[in-house]
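Dumped work28.txt below, it's compact mmCIF, C-alpha atoms:
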```
# COMPACT_ATOMS: atom_id res chain seq x y z
CA MET P 1 214.46 204.41 120.62
CA SER P 2 213.50 201.76 123.14
CA ALA P 3 215.06 203.81 125.96
CA LEU P 4 212.79 206.70 125.04
CA LEU P 5 209.69 204.54 124.81
CA ASP P 6 210.49 202.75 128.07
CA HIS P 7 210.56 206.07 129.94
CA LEU P 8 207.63 207.70 128.19
CA PRO P 9 205.49 207.87 131.38
CA GLU P 10 208.23 209.81 133.18
CA PHE P 11 208.54 212.23 130.27
CA TRP P 12 204.78 212.68 130.22
CA GLN P 13 204.71 213.37 133.96
CA GLY P 14 207.50 215.94 133.54
CA LEU P 15 205.58 217.66 130.75
CA VAL P 16 202.43 217.82 132.87
CA VAL P 17 204.29 219.30 135.85
CA THR P 18 206.02 221.84 133.59
CA LEU P 19 202.72 222.92 132.07
CA GLN P 20 201.05 223.21 135.49
CA MET P 21 203.91 225.30 136.85
CA THR P 22 203.97 227.45 133.72
CA VAL P 23 200.26 228.23 133.75
CA ALA P 24 200.15 228.93 137.49
CA SER P 25 203.29 231.08 137.38
CA PHE P 26 202.11 233.02 134.36
CA ALA P 27 198.74 233.74 135.94
CA GLY P 28 200.45 235.02 139.08
CA ALA P 29 203.00 236.99 137.07
CA ALA P 30 200.24 238.65 135.04
CA VAL P 31 198.49 239.82 138.21
CA VAL P 32 201.75 241.04 139.76
CA GLY P 33 202.71 242.75 136.50
CA LEU P 34 199.40 244.60 136.24
CA VAL P 35 199.64 245.82 139.83
CA ILE P 36 203.26 246.92 139.42
CA VAL P 37 202.60 248.73 136.14
CA ALA P 38 199.65 250.56 137.72
CA MET P 39 201.96 251.65 140.53
CA ARG P 40 204.74 252.67 138.10
CA VAL P 41 202.55 254.86 135.91
CA GLY P 42 200.39 256.16 138.75
CA PRO P 43 200.42 259.65 140.21
CA VAL P 44 201.67 258.68 143.71
CA PRO P 45 205.46 259.15 143.93
CA VAL P 46 205.92 256.69 146.81
CA LEU P 47 204.16 253.91 144.92
CA ARG P 48 206.18 254.68 141.80
CA ALA P 49 209.38 254.42 143.83
CA VAL P 50 208.36 251.14 145.48
CA ALA P 51 207.43 249.62 142.12
CA THR P 52 210.68 250.83 140.54
CA VAL P 53 212.74 249.29 143.35
CA TYR P 54 210.78 246.05 142.99
CA VAL P 55 211.37 245.82 139.24
CA GLU P 56 215.02 246.84 139.38
CA THR P 57 215.78 244.44 142.23
CA LEU P 58 214.09 241.40 140.72
CA GLN P 59 215.45 241.99 137.23
CA ASN P 60 218.99 242.20 138.58
CA LEU P 61 218.92 239.06 140.74
CA PRO P 62 219.23 235.63 139.15
CA LEU P 63 216.13 233.48 139.49
CA LEU P 64 218.16 230.59 140.88
CA VAL P 65 219.36 232.79 143.75
CA LEU P 66 215.77 233.74 144.56
CA LEU P 67 214.69 230.09 144.43
CA VAL P 68 217.50 228.99 146.73
CA LEU P 69 216.71 231.79 149.19
CA ALA P 70 213.01 230.95 149.17
CA VAL P 71 213.31 227.17 149.34
CA PHE P 72 216.05 227.02 151.96
CA GLY P 73 215.69 230.38 153.72
CA LEU P 74 211.96 230.77 154.27
CA PRO P 75 211.59 227.54 156.30
CA GLU P 76 214.32 228.84 158.62
CA ILE P 77 212.12 231.80 159.57
CA GLY P 78 208.98 229.70 159.90
CA LEU P 79 207.37 230.09 156.46
CA LYS P 80 206.86 226.58 155.13
CA ALA P 81 205.26 225.56 151.86
CA GLY P 82 205.71 222.79 149.34
CA LEU P 83 208.53 222.97 146.83
CA THR P 84 206.18 223.35 143.89
CA THR P 85 204.18 226.09 145.59
CA THR P 86 207.33 227.96 146.58
CA ALA P 87 208.77 227.65 143.07
CA VAL P 88 205.54 228.86 141.45
CA VAL P 89 205.32 231.89 143.76
CA VAL P 90 208.97 232.85 143.27
CA ILE P 91 208.79 232.44 139.49
CA ALA P 92 205.55 234.46 139.40
CA LEU P 93 207.10 237.29 141.41
CA TYR P 94 210.25 237.21 139.28
CA GLU P 95 208.49 237.16 135.92
CA GLY P 96 205.95 239.73 137.16
CA ALA P 97 208.72 242.31 137.05
CA TYR P 98 209.35 241.53 133.38
CA ILE P 99 205.65 241.62 132.55
CA ALA P 100 205.38 244.97 134.32
CA GLU P 101 208.17 246.39 132.19
CA ALA P 102 206.58 245.06 129.00
CA LEU P 103 203.23 246.55 129.99
CA ARG P 104 204.86 249.84 130.94
CA SER P 105 206.42 250.05 127.50
CA GLY P 106 202.95 249.47 126.05
CA VAL P 107 201.49 252.20 128.25
CA ASN P 108 204.27 254.56 127.18
CA ALA P 109 203.49 253.76 123.52
CA ILE P 110 199.95 255.09 123.94
CA SER P 111 199.69 258.77 123.07
CA SER P 112 199.27 261.10 126.03
CA GLY P 113 196.16 262.47 124.36
CA GLN P 114 194.33 259.24 125.18
CA GLY P 115 194.81 259.76 128.92
CA GLU P 116 193.95 263.43 128.61
CA ALA P 117 190.76 262.58 126.74
CA ALA P 118 189.81 260.10 129.47
CA ARG P 119 190.39 262.75 132.14
CA ALA P 120 188.37 265.26 130.09
CA LEU P 121 185.50 262.79 130.17
CA GLY P 122 185.71 262.78 133.96
CA LEU P 123 187.31 259.35 134.43
CA THR P 124 189.52 258.84 137.46
CA PHE P 125 193.10 257.62 137.03
CA GLY P 126 192.07 254.03 137.73
CA GLN P 127 189.14 254.18 135.33
CA SER P 128 191.19 255.74 132.54
CA LEU P 129 193.91 253.15 133.06
CA ARG P 130 191.43 250.25 133.07
CA HIS P 131 189.10 251.40 130.28
CA VAL P 132 191.29 253.45 127.96
CA VAL P 133 195.03 252.96 128.38
CA LEU P 134 195.55 249.29 129.34
CA PRO P 135 193.34 247.81 126.59
CA GLN P 136 195.39 249.67 123.99
CA ALA P 137 198.67 248.86 125.73
CA LEU P 138 197.86 245.15 125.88
CA ARG P 139 197.47 245.06 122.10
CA THR P 140 200.93 246.53 121.61
CA VAL P 141 202.71 244.10 123.95
CA VAL P 142 201.37 240.76 122.75
CA GLN P 143 204.72 239.70 121.30
CA PRO P 144 206.85 240.73 124.32
CA ILE P 145 204.41 238.96 126.66
CA GLY P 146 204.69 235.88 124.45
CA ASN P 147 208.48 236.01 124.75
CA ILE P 148 208.16 236.33 128.53
CA PHE P 149 205.85 233.30 128.54
CA ILE P 150 208.47 231.28 126.68
CA ALA P 151 211.19 232.40 129.11
CA LEU P 152 208.93 231.56 132.04
CA THR P 153 208.40 228.06 130.64
CA MET P 154 212.14 227.56 130.43
CA ASN P 155 212.66 229.02 133.90
CA THR P 156 210.43 226.38 135.48
CA SER P 157 213.29 223.94 134.95
CA LEU P 158 215.22 225.77 137.67
CA ALA P 159 212.79 224.36 140.23
CA ALA P 160 214.52 221.02 139.76
CA ALA P 161 217.83 222.60 140.81
CA VAL P 162 216.46 223.29 144.28
CA GLY P 163 214.75 219.93 144.67
CA GLY P 164 211.43 220.60 143.00
CA PRO P 165 209.37 218.10 141.04
```
Before we go any further, please render this structure as structure tokens.
Amino acid sequence: MSALLDHLPEFWQGLVVTLQMTVASFAGAAVVGLVIVAMRVGPVPVLRAVATVYVETLQNLPLLVLLVLAVFGLPEIGLKAGLTTTAVVVIALYEGAYIAEALRSGVNAISSGQGEAARALGLTFGQSLRHVVLPQALRTVVQPIGNIFIALTMNTSLAAAVGGP
């Protein structure tokens, strides 16, 4: 027990860094996920295709590979940032794909009549998505988003594998 108590400040510092990375990554992933889901359910085929490629690519690459590429590859082409910043951005982009898929499942769970009713009221696609569809979809995906948050918290440990804090 004395070994644990002797190193309590280091454990505390690790917890603080993990929480900071988790909150920052989740905030970024939520924004990325909302943008990607809007592109995936939108009426523009090119945007749907770009969003689909984004999601399929990031979900099929290991996070550690992306972290190694970002941490060691980006400085080679002139893009330099701190290890923590790079890790947060990569984790946010990676988890954003998962959040987008969770949100898309929520959007697909909403009856098509809701969108049709919004269009009948004269709302544009963006307005109907923002005011009618997404609020209902967010209620249906609370648990999957919670699971993604837990996975994101565990994934922050991979930053240490590439030399992070």
Could you pull out every residue with an atom within 8 Å of (206.9, 253.1, 137.2), file coordinates, counting only C-alpha atoms, and send them as JSON, numbers by chain? {"P": [36, 37, 38, 39, 40, 41, 42, 48, 49, 51, 52, 104]}
One decimal, Å: what's the distance from CA of Phe149 (chain P) over to CA of Phe11 (chain P), could you say?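 Computed distance, CA of Phe149 (chain P) to CA of Phe11 (chain P), equals 21.3 Å.
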When you look at region 17-24 of chain P with a cut-off of 8 Å (counting only C-alpha atoms), what residues show up, excluding the ones that are within fewer than 5 positions of it in the same chain? I need them as a list in words.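 Non-adjacent residues within range: Thr84, Val88, Ala92, Leu152, Thr153, Thr156, Ser157 and Pro165 of chain P.
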Nearest candidate to Val35 (chain P) (options P:Leu67, P:Leu129, P:Ile145, P:Ala151; using only C-alpha atoms):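 When distances to Val35 (chain P) are compared using only C-alpha atoms, the smallest one comes from P:Leu129.
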What does the structure give for the distance between CA of Gly115 (chain P) and CA of Leu138 (chain P), in Å to one decimal?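 Computed distance, CA of Gly115 (chain P) to CA of Leu138 (chain P), equals 15.2 Å.
Each of P:Ile99, P:Leu4, P:Gln59, P:Phe72 was checked against Ala30 (chain P) using all atoms listed in the file; the smallest atom-to-atom distance is that of P:Ile99.
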Just want the 10 Å neighbourhood of Val142 (chain P), counted on only C-alpha atoms, with same-chain residues fewer than 4 positions away dropped. Output as a PyMOL selection string. chain P and resi 102-103+106+137-138+146-148
Minimum-distance residue to Ile150 (chain P), chosen among P:Glu116, P:Glu56, P:Glu95, P:Glu76 (using all atoms listed in the file):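 Nearest candidate to Ile150 (chain P) out of P:Glu116, P:Glu56, P:Glu95, P:Glu76: P:Glu95.
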Centre and edges of the region 102-113 of chain P box, axis-aligned, 5 Å extra per side, as AutoDock Vina command-line options:
```
--center_x 201.4 --center_y 253.8 --center_z 127.0 --size_x 20.4 --size_y 27.4 --size_z 17.9
```
Have a look at P:Thr140, P:Thr124, P:Asn155, P:Ser105 and name the one nearest to Pro43 (chain P); count all atoms listed in the file.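 Once distances to Pro43 (chain P) are computed over all atoms listed in the file, the minimum belongs to P:Thr124.
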Find the distance between CA of Glu101 (chain P) and CA of Val55 (chain P) and write it in Å to one decimal.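 Distance between the two atoms: 7.8 Å.
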So, with all atoms listed in the file as the atoms that count, which of P:Gly96, P:Gly73, P:Pro135, P:Gly113 lies closest to Leu34 (chain P)?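 Ranking P:Gly96, P:Gly73, P:Pro135, P:Gly113 by distance to Leu34 (chain P), first place goes to P:Gly96.
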